[in-house]
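Asker: Got target-v1.cif for you, mmCIF, C-alpha atoms:
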```
data_data
loop_
_atom_site.label_atom_id
_atom_site.label_comp_id
_atom_site.auth_asym_id
_atom_site.auth_seq_id
_atom_site.Cartn_x
_atom_site.Cartn_y
_atom_site.Cartn_z
CA LEU M 1 0.00 0.00 0.00
CA ILE M 2 1.10 3.58 -0.62
CA GLU M 3 0.37 6.31 1.91
CA GLU M 4 1.45 9.92 2.41
CA SER M 5 4.21 10.31 5.00
CA PRO M 6 3.61 12.76 7.88
CA THR M 7 7.17 14.04 7.31
CA GLU M 8 9.38 14.71 4.30
CA LYS M 9 10.98 11.27 4.67
CA THR M 10 9.99 8.14 2.77
CA TYR M 11 9.89 4.90 4.75
CA ILE M 12 8.14 1.52 4.93
CA GLU M 13 6.27 -0.30 7.67
CA VAL M 14 5.07 -3.91 7.69
CA VAL M 15 1.76 -4.49 9.48
CA ASP M 16 -0.60 -7.41 9.99
CA GLY M 17 -3.06 -7.67 7.17
CA VAL M 18 -4.58 -9.70 4.40
CA GLN M 19 -5.21 -9.49 0.67
CA PHE M 20 -7.87 -11.53 -1.11
CA GLU M 21 -9.68 -11.51 -4.45
CA SER M 22 -12.80 -9.41 -3.89
CA PRO M 23 -12.95 -6.56 -6.42
CA LEU M 24 -15.06 -3.40 -6.55
CA LYS M 25 -18.75 -4.09 -7.07
CA SER M 26 -19.62 -0.58 -8.26
CA GLN M 27 -17.79 2.55 -9.37
CA HIS M 28 -20.13 4.50 -7.08
CA LEU M 29 -18.21 3.02 -4.12
CA VAL M 30 -14.91 4.60 -5.23
CA THR M 31 -13.47 7.14 -2.80
CA ASP M 32 -10.31 8.00 -4.78
CA LYS M 33 -11.21 8.51 -8.44
CA ASP M 34 -7.60 9.03 -9.55
CA ALA M 35 -6.49 5.69 -8.09
CA GLY M 36 -9.83 3.96 -8.74
CA ILE M 37 -10.08 2.53 -5.22
CA ALA M 38 -12.57 2.40 -2.37
CA GLU M 39 -10.72 3.22 0.85
CA LEU M 40 -12.21 3.17 4.36
CA ASN M 41 -10.35 4.16 7.53
CA ASN M 42 -11.14 2.21 10.70
CA PRO M 43 -14.37 0.70 9.33
CA ALA M 44 -16.79 -1.57 11.16
CA VAL M 45 -17.04 -4.95 9.38
CA LEU M 46 -20.31 -6.79 8.82
CA ILE M 47 -19.94 -10.37 7.56
CA VAL M 48 -23.11 -12.06 6.33
CA ASP M 49 -23.38 -15.58 4.96
CA SER M 50 -26.98 -15.05 3.85
CA PRO M 51 -28.21 -12.61 1.19
CA ILE M 52 -29.36 -9.21 2.51
CA PRO M 53 -32.86 -8.94 0.95
CA ASN M 54 -33.72 -5.37 2.00
CA ILE M 55 -32.23 -2.41 3.82
CA ARG M 56 -34.51 -2.93 6.84
CA LYS M 57 -32.62 -6.10 7.71
CA ILE M 58 -29.45 -4.14 8.48
CA GLN M 59 -31.12 -0.95 9.70
CA ASN M 60 -29.64 -1.35 13.19
CA VAL M 61 -26.13 -1.51 11.74
CA ILE M 62 -26.70 1.51 9.49
CA GLU M 63 -28.00 3.58 12.40
CA TYR M 64 -25.05 2.55 14.57
CA VAL M 65 -22.33 3.52 12.05
CA ILE M 66 -24.05 6.82 11.16
CA LYS M 67 -24.49 7.74 14.82
CA ASN M 68 -20.82 6.96 15.57
CA ASN M 69 -19.54 8.44 12.28
CA LYS M 70 -17.87 5.16 11.30
CA PRO M 71 -17.41 3.70 7.81
CA LEU M 72 -18.97 0.30 7.13
CA LEU M 73 -17.49 -2.61 5.19
CA ILE M 74 -20.09 -5.22 4.22
CA VAL M 75 -18.75 -8.64 3.28
CA GLY M 76 -21.42 -10.78 1.66
CA GLN M 77 -24.23 -10.86 -0.89
CA VAL M 78 -26.42 -7.76 -1.08
CA GLU M 79 -29.58 -7.88 -3.18
CA GLN M 80 -30.37 -5.21 -5.77
CA GLN M 81 -32.78 -3.11 -3.66
CA PRO M 82 -30.53 -2.65 -0.59
CA MET M 83 -27.52 -2.23 -2.88
CA ALA M 84 -29.22 0.69 -4.64
CA THR M 85 -30.15 2.28 -1.29
CA LEU M 86 -26.61 1.94 0.06
CA LEU M 87 -25.09 3.36 -3.14
CA ALA M 88 -27.49 6.31 -3.11
CA ASN M 89 -26.57 7.15 0.48
CA LYS M 90 -22.87 6.74 -0.32
CA VAL M 91 -23.09 9.14 -3.28
CA LYS M 92 -25.06 11.69 -1.22
CA GLY M 93 -22.45 11.55 1.54
CA ASN M 94 -24.84 10.18 4.16
CA LEU M 95 -22.88 6.96 4.63
CA LYS M 96 -19.29 5.80 4.15
CA VAL M 97 -19.68 2.25 2.90
CA ASN M 98 -18.02 -0.42 0.77
CA ILE M 99 -19.52 -3.75 -0.27
CA ILE M 100 -17.48 -6.78 -1.33
CA ASP M 101 -18.16 -10.45 -1.95
CA ALA M 102 -16.97 -12.97 0.61
CA PRO M 103 -13.61 -14.52 -0.38
CA GLY M 104 -13.25 -18.13 -1.47
CA PHE M 105 -15.54 -20.46 -3.39
CA GLY M 106 -16.74 -24.03 -3.40
CA LYS M 107 -15.78 -26.30 -0.52
CA THR M 108 -13.28 -23.83 0.93
CA LYS M 109 -15.58 -20.78 0.99
CA GLN M 110 -17.10 -21.42 4.42
CA ASP M 111 -13.67 -21.98 5.99
CA THR M 112 -12.35 -18.80 4.35
CA ILE M 113 -15.27 -16.74 5.66
CA GLU M 114 -14.61 -18.09 9.15
CA ASP M 115 -10.92 -17.15 8.77
CA LEU M 116 -11.93 -13.60 7.83
CA ALA M 117 -14.28 -13.40 10.81
CA ILE M 118 -11.45 -14.39 13.17
CA LEU M 119 -9.13 -11.82 11.58
CA THR M 120 -11.63 -8.99 11.93
CA GLY M 121 -13.35 -10.04 15.15
CA ALA M 122 -16.76 -10.16 13.48
CA ARG M 123 -19.50 -12.74 14.02
CA ILE M 124 -20.81 -14.41 10.87
CA ILE M 125 -24.54 -13.78 10.40
CA ASN M 126 -26.30 -16.71 8.74
CA GLU M 127 -30.10 -16.84 8.82
CA GLU M 128 -30.06 -20.49 7.68
CA LEU M 129 -28.42 -21.31 11.02
CA GLY M 130 -31.00 -19.37 13.03
CA ASP M 131 -29.48 -15.88 13.10
CA ASP M 132 -31.81 -12.92 12.65
CA MET M 133 -30.39 -9.95 10.72
CA ASP M 134 -32.96 -7.70 12.39
CA LEU M 135 -31.23 -8.38 15.71
CA ILE M 136 -27.65 -7.61 14.64
CA SER M 137 -25.91 -5.63 17.38
CA PRO M 138 -22.66 -3.60 17.39
CA GLU M 139 -21.02 -6.52 19.21
CA ASP M 140 -21.49 -8.64 16.07
CA LEU M 141 -19.38 -6.24 13.99
CA GLY M 142 -15.65 -6.61 13.45
CA HIS M 143 -13.10 -3.85 12.98
CA VAL M 144 -9.99 -3.27 10.85
CA ASP M 145 -7.60 -0.35 10.62
CA LYS M 146 -8.12 0.17 6.91
CA SER M 147 -9.73 -1.47 3.90
CA ILE M 148 -8.74 -0.77 0.31
CA THR M 149 -10.56 -2.30 -2.65
CA ASP M 150 -9.52 -1.95 -6.27
CA SER M 151 -10.62 -3.59 -9.52
CA LYS M 152 -9.14 -6.96 -8.52
CA THR M 153 -8.50 -7.31 -4.80
CA THR M 154 -9.28 -6.09 -1.30
CA VAL M 155 -6.58 -5.38 1.29
CA LEU M 156 -7.31 -5.18 5.01
CA THR M 157 -4.78 -3.94 7.58
CA ILE M 158 -5.20 -5.10 11.16
CA SER M 159 -3.37 -3.83 14.25
CA GLU M 160 -4.76 -6.20 16.87
CA LYS M 161 -4.65 -9.97 16.47
CA HIS M 162 -7.50 -11.87 18.07
CA GLU M 163 -6.91 -14.66 20.55
CA ASP M 164 -8.32 -17.42 18.32
CA LEU M 165 -5.99 -16.58 15.43
CA SER M 166 -2.94 -18.60 16.53
CA GLY M 167 -5.07 -21.71 17.06
CA ARG M 168 -6.64 -21.27 13.63
CA ILE M 169 -3.19 -20.98 12.02
CA GLU M 170 -2.04 -24.20 13.72
CA LEU M 171 -5.18 -25.98 12.52
CA VAL M 172 -4.61 -24.94 8.90
CA GLU M 173 -0.91 -25.91 9.09
CA SER M 174 -1.84 -29.40 10.30
CA LYS M 175 -4.38 -29.77 7.48
CA ILE M 176 -1.72 -28.79 4.93
CA GLU M 177 0.58 -31.57 6.20
CA GLU M 178 -2.21 -34.14 5.99
CA GLU M 179 -3.69 -33.09 2.62
CA ASP M 180 -2.65 -35.11 -0.46
CA ASN M 181 -4.88 -33.43 -3.04
CA ALA M 182 -2.75 -30.78 -4.80
CA PHE M 183 -5.68 -28.42 -5.45
CA LEU M 184 -7.01 -28.53 -1.89
CA LYS M 185 -3.48 -28.18 -0.54
CA LYS M 186 -3.02 -25.00 -2.58
CA LYS M 187 -6.29 -23.60 -1.20
CA LEU M 188 -5.16 -24.40 2.35
CA GLU M 189 -1.87 -22.62 1.69
CA GLU M 190 -3.83 -19.59 0.47
CA ARG M 191 -5.84 -19.68 3.70
CA LEU M 192 -2.64 -19.85 5.73
CA ALA M 193 -1.23 -16.87 3.83
CA MET M 194 -4.40 -14.92 4.60
CA LEU M 195 -4.28 -15.78 8.31
CA ALA M 196 -0.57 -15.18 8.84
CA GLY M 197 0.07 -12.60 6.14
CA LYS M 198 1.58 -9.13 6.33
CA VAL M 199 0.99 -5.93 4.40
CA GLY M 200 3.77 -3.50 3.50
CA VAL M 201 2.83 0.17 3.78
CA LEU M 202 5.12 2.55 1.89
CA TYR M 203 4.92 6.08 3.29
CA VAL M 204 5.99 8.62 0.67
CA GLY M 205 7.36 11.95 1.90
CA ALA M 206 8.30 15.17 0.08
CA ASN M 207 9.02 18.85 0.69
CA SER M 208 5.97 20.21 -1.14
CA ALA M 209 2.53 19.14 -2.34
CA VAL M 210 3.64 19.22 -5.99
CA GLU M 211 6.71 17.09 -5.28
CA LEU M 212 4.62 14.68 -3.19
CA LYS M 213 2.10 14.09 -5.99
CA GLU M 214 4.86 13.49 -8.56
CA LYS M 215 6.75 11.19 -6.19
CA LYS M 216 3.64 9.20 -5.27
CA ASP M 217 2.89 8.67 -8.96
CA ARG M 218 6.42 7.33 -9.55
CA VAL M 219 6.22 5.07 -6.50
CA ASP M 220 2.81 3.80 -7.60
CA ASP M 221 4.21 2.99 -11.05
CA ALA M 222 7.13 1.12 -9.47
CA VAL M 223 4.87 -0.88 -7.15
CA SER M 224 2.52 -1.77 -10.02
CA ALA M 225 5.45 -2.85 -12.19
CA THR M 226 6.83 -5.01 -9.38
CA LYS M 227 3.45 -6.67 -8.79
CA ALA M 228 3.14 -7.37 -12.51
CA ALA M 229 6.66 -8.86 -12.58
CA LEU M 230 5.89 -11.12 -9.61
CA ARG M 231 2.65 -12.24 -11.22
CA ASP M 232 3.68 -12.63 -14.86
CA GLY M 233 7.49 -12.91 -14.76
CA ILE M 234 10.13 -10.76 -16.41
CA VAL M 235 12.39 -10.80 -19.46
CA PRO M 236 15.74 -9.01 -19.87
CA GLY M 237 15.45 -5.59 -21.49
CA GLY M 238 17.51 -3.83 -24.13
CA GLY M 239 16.31 -6.11 -26.90
CA VAL M 240 18.07 -9.08 -25.24
CA ALA M 241 14.91 -11.23 -25.00
CA LEU M 242 14.26 -10.85 -28.75
CA LYS M 243 17.94 -11.48 -29.57
CA ASN M 244 17.93 -14.68 -27.49
CA ALA M 245 14.71 -15.80 -29.16
CA SER M 246 16.16 -15.26 -32.64
CA ASP M 247 19.20 -17.37 -31.73
CA LEU M 248 17.17 -20.22 -30.25
CA LEU M 249 14.42 -20.48 -32.88
CA ASP M 250 15.19 -23.04 -35.60
CA LEU M 251 13.17 -21.68 -38.50
CA THR M 252 13.53 -21.96 -42.25
CA GLY M 253 12.04 -20.03 -45.13
CA ASP M 254 12.47 -16.48 -46.38
CA GLY M 255 9.62 -15.08 -44.30
CA HIS M 256 11.00 -16.59 -41.12
CA MET M 257 14.49 -15.28 -41.80
CA VAL M 258 13.14 -11.75 -42.35
CA LEU M 259 11.37 -11.98 -38.98
CA LEU M 260 14.48 -13.25 -37.18
CA ASP M 261 16.62 -10.50 -38.71
CA ALA M 262 14.04 -7.87 -37.68
CA ILE M 263 13.82 -8.88 -34.03
CA ARG M 264 17.64 -8.67 -33.70
CA VAL M 265 17.61 -5.01 -34.74
CA PRO M 266 16.67 -3.42 -31.36
CA TYR M 267 19.61 -5.15 -29.64
CA GLU M 268 22.06 -4.27 -32.42
CA SER M 269 20.81 -0.66 -32.62
CA ILE M 270 21.26 -0.12 -28.87
CA LEU M 271 24.85 -1.40 -29.05
CA SER M 272 25.54 0.72 -32.13
CA ASN M 273 24.14 3.85 -30.47
CA ALA M 274 26.36 3.16 -27.46
CA GLY M 275 29.41 2.86 -29.70
CA ILE M 276 30.01 -0.73 -28.64
CA GLY M 277 29.29 -2.61 -31.82
CA ASP M 278 27.58 -6.00 -32.13
CA SER M 279 30.40 -8.09 -30.68
CA VAL M 280 28.90 -8.21 -27.16
CA GLU M 281 26.86 -11.33 -26.51
CA PRO M 282 23.86 -10.95 -24.18
CA VAL M 283 23.83 -12.86 -20.93
CA SER M 284 21.01 -15.39 -20.74
CA VAL M 285 18.59 -14.86 -17.83
#
```
I need this file expressed as structure tokens, please.

Answerer:
Amino acid sequence: LIEESPTEKTYIEVVDGVQFESPLKSQHLVTDKDAGIAELNNPAVLIVDSPIPNIRKIQNVIEYVIKNNKPLLIVGQVEQQPMATLLANKVKGNLKVNIIDAPGFGKTKQDTIEDLAILTGARIINEELGDDMDLISPEDLGHVDKSITDSKTTVLTISEKHEDLSGRIELVESKIEEEDNAFLKKKLEERLAMLAGKVGVLYVGANSAVELKEKKDRVDDAVSATKAALRDGIVPGGGVALKNASDLLDLTGDGHMVLLDAIRVPYESILSNAGIGDSVEPVSV
């Protein structure tokens, strides 16, 4: 995450937190239009494992967060009518709210929701198990320091670990050791990463507002490039990847030879511009 530093210095802190795949559900929930994210500071967290059919069902929660001037993060399925009401109040400035789907799917979804409840300190509301949404109290809500949702993921930062967390981590670790199915083992490892994960917060400092904006943009570009490299891999620059490909491909035919000659040109041109010549062989990566 990227934040503004309270001083002119730039530094990084690592805090407890979690990232999972729950993207933005509506552009009306965005709080930072430039970054395209929905960010809530110190929100209350409502986790529901049953669809919310109308706004009346969560009226007690809405009244509580408005009265205490707190943002609200809803994790679960919200039907069209309450969704429209919540979005309208968000746009009018009456309510600070974000709505995301519960993480996980299939057999692992229930376990993942329970993990999230332990992380946030919330109680899962499920009307199929006898819970009544009309009777939700502030004690049923969880809390996190910050939630940030973009077009792909949601990140939660948490300062206080709950007592049940260490036991939950040990349980998941034991299941990983016992599991033979590769797919289920991967899902368990993802759960463990969520329970025991950390979030790096990069605080960007500068001497003026103009410098800060420019510096934050450069840092954001660097972080995005690094995430993309971790996700998709990297190739050497300077035309080296194309040069290596042209050497390794065993192609015949005039058309193929024209292509191979063409993709060597960036590498050769860079060397020529540097006054080195084409005698330097690239190092394979």

Asker: Could you please determine the separation between CA of Gly142 (chain M) and CA of Ile47 (chain M) in Å, to one decimal place?

Answerer: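 So the two atoms, CA of Gly142 (chain M) and CA of Ile47 (chain M), lie 8.2 Å apart.
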
Asker: Measuring between all atoms listed in the file, which one of M:Ala35, M:Ile136, M:Leu260, M:Ile99 shows the shortest distance to Ile2 (chain M)?

Answerer: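 Ranked by minimum distance to Ile2 (chain M), first place goes to M:Ala35.
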
Asker: So that I can check the surroundings of region 116-129 of chain M, please list as a PyMOL selection string every protein, DNA and RNA residue that reaches within 6 Å of it, counting all atoms listed in the file and ignoring chain neighbours fewer than 4 positions away.

Answerer: chain M and resi 47-50+140-143

Asker: Expanded to explicit residues, what is the PyMOL selection byres ((chain M and resi 191-200) around 10) for this file, as a PyMOL selection string?

Answerer: chain M and resi 1-2+12-20+104+108+111-112+115-116+118-119+155-158+165-166+168-173+176+185-190+201-203

Asker: How about saving the chosen residues, C-alpha atoms kept, as a PDB file, in the frame of the given file?

Answerer:
```
ATOM      1  CA  LEU M   1       0.000   0.000   0.000  1.00  0.00           C
ATOM      2  CA  ILE M   2       1.100   3.580  -0.620  1.00  0.00           C
ATOM      3  CA  ILE M  12       8.140   1.520   4.930  1.00  0.00           C
ATOM      4  CA  GLU M  13       6.270  -0.300   7.670  1.00  0.00           C
ATOM      5  CA  VAL M  14       5.070  -3.910   7.690  1.00  0.00           C
ATOM      6  CA  VAL M  15       1.760  -4.490   9.480  1.00  0.00           C
ATOM      7  CA  ASP M  16      -0.600  -7.410   9.990  1.00  0.00           C
ATOM      8  CA  GLY M  17      -3.060  -7.670   7.170  1.00  0.00           C
ATOM      9  CA  VAL M  18      -4.580  -9.700   4.400  1.00  0.00           C
ATOM     10  CA  GLN M  19      -5.210  -9.490   0.670  1.00  0.00           C
ATOM     11  CA  PHE M  20      -7.870 -11.530  -1.110  1.00  0.00           C
ATOM     12  CA  GLY M 104     -13.250 -18.130  -1.470  1.00  0.00           C
ATOM     13  CA  THR M 108     -13.280 -23.830   0.930  1.00  0.00           C
ATOM     14  CA  ASP M 111     -13.670 -21.980   5.990  1.00  0.00           C
ATOM     15  CA  THR M 112     -12.350 -18.800   4.350  1.00  0.00           C
ATOM     16  CA  ASP M 115     -10.920 -17.150   8.770  1.00  0.00           C
ATOM     17  CA  LEU M 116     -11.930 -13.600   7.830  1.00  0.00           C
ATOM     18  CA  ILE M 118     -11.450 -14.390  13.170  1.00  0.00           C
ATOM     19  CA  LEU M 119      -9.130 -11.820  11.580  1.00  0.00           C
ATOM     20  CA  VAL M 155      -6.580  -5.380   1.290  1.00  0.00           C
ATOM     21  CA  LEU M 156      -7.310  -5.180   5.010  1.00  0.00           C
ATOM     22  CA  THR M 157      -4.780  -3.940   7.580  1.00  0.00           C
ATOM     23  CA  ILE M 158      -5.200  -5.100  11.160  1.00  0.00           C
ATOM     24  CA  LEU M 165      -5.990 -16.580  15.430  1.00  0.00           C
ATOM     25  CA  SER M 166      -2.940 -18.600  16.530  1.00  0.00           C
ATOM     26  CA  ARG M 168      -6.640 -21.270  13.630  1.00  0.00           C
ATOM     27  CA  ILE M 169      -3.190 -20.980  12.020  1.00  0.00           C
ATOM     28  CA  GLU M 170      -2.040 -24.200  13.720  1.00  0.00           C
ATOM     29  CA  LEU M 171      -5.180 -25.980  12.520  1.00  0.00           C
ATOM     30  CA  VAL M 172      -4.610 -24.940   8.900  1.00  0.00           C
ATOM     31  CA  GLU M 173      -0.910 -25.910   9.090  1.00  0.00           C
ATOM     32  CA  ILE M 176      -1.720 -28.790   4.930  1.00  0.00           C
ATOM     33  CA  LYS M 185      -3.480 -28.180  -0.540  1.00  0.00           C
ATOM     34  CA  LYS M 186      -3.020 -25.000  -2.580  1.00  0.00           C
ATOM     35  CA  LYS M 187      -6.290 -23.600  -1.200  1.00  0.00           C
ATOM     36  CA  LEU M 188      -5.160 -24.400   2.350  1.00  0.00           C
ATOM     37  CA  GLU M 189      -1.870 -22.620   1.690  1.00  0.00           C
ATOM     38  CA  GLU M 190      -3.830 -19.590   0.470  1.00  0.00           C
ATOM     39  CA  VAL M 201       2.830   0.170   3.780  1.00  0.00           C
ATOM     40  CA  LEU M 202       5.120   2.550   1.890  1.00  0.00           C
ATOM     41  CA  TYR M 203       4.920   6.080   3.290  1.00  0.00           C
TER      42      TYR M 203
END
```

Asker: Between CA of Gln27 (chain M) and CA of Ala102 (chain M), what is the distance, to one decimal in Å?

Answerer: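 Value for the CA of Gln27 (chain M)-CA of Ala102 (chain M) distance: 18.5 Å.
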
Asker: Under the PyMOL selection byres ((chain M and resi 85) around 12), which residues of this model are included? Write them out as a list in words.

Answerer: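 So the PyMOL selection byres ((chain M and resi 85) around 12), applied here, picks out His28, Pro53, Asn54, Ile55, Arg56, Ile58, Gln59, Ile62, Val78, Glu79, Gln80, Gln81, Pro82, Met83, Ala84, Leu86, Leu87, Ala88, Asn89, Lys90, Val91, Lys92, Asn94, Leu95 and Val97 of chain M.
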
Asker: Of the candidates M:Lys243, M:Lys107, M:Lys213, M:Arg218, which shows the shortest atom-to-atom distance to Ile270 (chain M), using all atoms listed in the file?

Answerer: M:Lys243

Asker: With 12 Å as the threshold, what does the neighbourhood of (5.8, 13.9, 10.1) contain in terms of residues, counting all atoms listed in the file? Coordinates are those of the file; answer as a list in words.

Answerer: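 With a cut-off of 12 Å, the residues come to Glu4, Ser5, Pro6, Thr7, Glu8, Lys9, Thr10, Tyr11, Tyr203, Val204, Gly205, Ala206 and Asn207 of chain M.
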
Asker: Using the selection just defined, write its residues with C-alpha atoms as a PDB file, keeping the file's coordinate frame.

Answerer:
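What landed in out-v1.pdb:
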```
ATOM      1  CA  GLU M   4       1.450   9.920   2.410  1.00  0.00           C
ATOM      2  CA  SER M   5       4.210  10.310   5.000  1.00  0.00           C
ATOM      3  CA  PRO M   6       3.610  12.760   7.880  1.00  0.00           C
ATOM      4  CA  THR M   7       7.170  14.040   7.310  1.00  0.00           C
ATOM      5  CA  GLU M   8       9.380  14.710   4.300  1.00  0.00           C
ATOM      6  CA  LYS M   9      10.980  11.270   4.670  1.00  0.00           C
ATOM      7  CA  THR M  10       9.990   8.140   2.770  1.00  0.00           C
ATOM      8  CA  TYR M  11       9.890   4.900   4.750  1.00  0.00           C
ATOM      9  CA  TYR M 203       4.920   6.080   3.290  1.00  0.00           C
ATOM     10  CA  VAL M 204       5.990   8.620   0.670  1.00  0.00           C
ATOM     11  CA  GLY M 205       7.360  11.950   1.900  1.00  0.00           C
ATOM     12  CA  ALA M 206       8.300  15.170   0.080  1.00  0.00           C
ATOM     13  CA  ASN M 207       9.020  18.850   0.690  1.00  0.00           C
TER      14      ASN M 207
END
```

Asker: What separation in Å, quoted to one decimal, exists between CA of Gln110 (chain M) and CA of Asp232 (chain M)?

Answerer: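 About the pair CA of Gln110 (chain M) and CA of Asp232 (chain M): they are 29.7 Å apart.
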
Asker: Counting all atoms listed in the file, which residue out of M:Ile52, M:Asp164, M:Val45, M:Lys152 sits closest to Glu139 (chain M)?

Answerer: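 Counting all atoms listed in the file, the residue closest to Glu139 (chain M) is M:Val45.
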
Asker: Using the chain letters and numbers from the file, give me the residues hit by the PyMOL selection byres ((chain M and resi 74) around 7), as a PyMOL selection string.

Answerer: chain M and resi 45-47+72-73+75-76+98-100

Asker: Would you kindly return, as a PyMOL selection string, each protein, DNA or RNA residue with an atom no farther than 9 Å from any atom of Tyr267 (chain M), considering only C-alpha atoms and excluding same-chain residues fewer than 3 positions away?

Answerer: chain M and resi 238-243+263-264+270-272+278

Asker: Got time to write the residues from that selection, C-alpha atoms, as a PDB file, in the frame of the given file?

Answerer:
```pdb
ATOM      1  CA  GLY M 238      17.510  -3.830 -24.130  1.00  0.00           C
ATOM      2  CA  GLY M 239      16.310  -6.110 -26.900  1.00  0.00           C
ATOM      3  CA  VAL M 240      18.070  -9.080 -25.240  1.00  0.00           C
ATOM      4  CA  ALA M 241      14.910 -11.230 -25.000  1.00  0.00           C
ATOM      5  CA  LEU M 242      14.260 -10.850 -28.750  1.00  0.00           C
ATOM      6  CA  LYS M 243      17.940 -11.480 -29.570  1.00  0.00           C
ATOM      7  CA  ILE M 263      13.820  -8.880 -34.030  1.00  0.00           C
ATOM      8  CA  ARG M 264      17.640  -8.670 -33.700  1.00  0.00           C
ATOM      9  CA  ILE M 270      21.260  -0.120 -28.870  1.00  0.00           C
ATOM     10  CA  LEU M 271      24.850  -1.400 -29.050  1.00  0.00           C
ATOM     11  CA  SER M 272      25.540   0.720 -32.130  1.00  0.00           C
ATOM     12  CA  ASP M 278      27.580  -6.000 -32.130  1.00  0.00           C
TER      13      ASP M 278
END
```

Asker: With 8 Å on each side, where is the centre of the axis-aligned box around all listed atoms of region 60-63 of chain M, and how long are its edges in Å to one decimal, as lines of an AutoDock Vina configuration file?

Answerer:
```
center_x = -27.9
center_y = 1.0
center_z = 11.3
size_x = 19.5
size_y = 21.1
size_z = 19.7
```

Asker: Ranking M:Glu160, M:Val30, M:Lys109, M:Lys146 by minimum distance to Ala44 (chain M) and counting all atoms listed in the file, which one comes first?

Answerer: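 Once distances to Ala44 (chain M) are computed over all atoms listed in the file, the minimum belongs to M:Lys146.
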
Asker: Looking at M:Ala229, M:Leu40, M:Val65, M:Met257, which one is nearest to Asp145 (chain M), with distances taken over all atoms listed in the file?

Answerer: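 Of M:Ala229, M:Leu40, M:Val65, M:Met257, the one nearest Asp145 (chain M) is M:Leu40, counting all atoms listed in the file.
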
Asker: Find, counting only C-alpha atoms, the residue in M:Val61, M:Ile113, M:Val265, M:Ile148 that gets nearest to Glu3 (chain M).

Answerer: M:Ile148
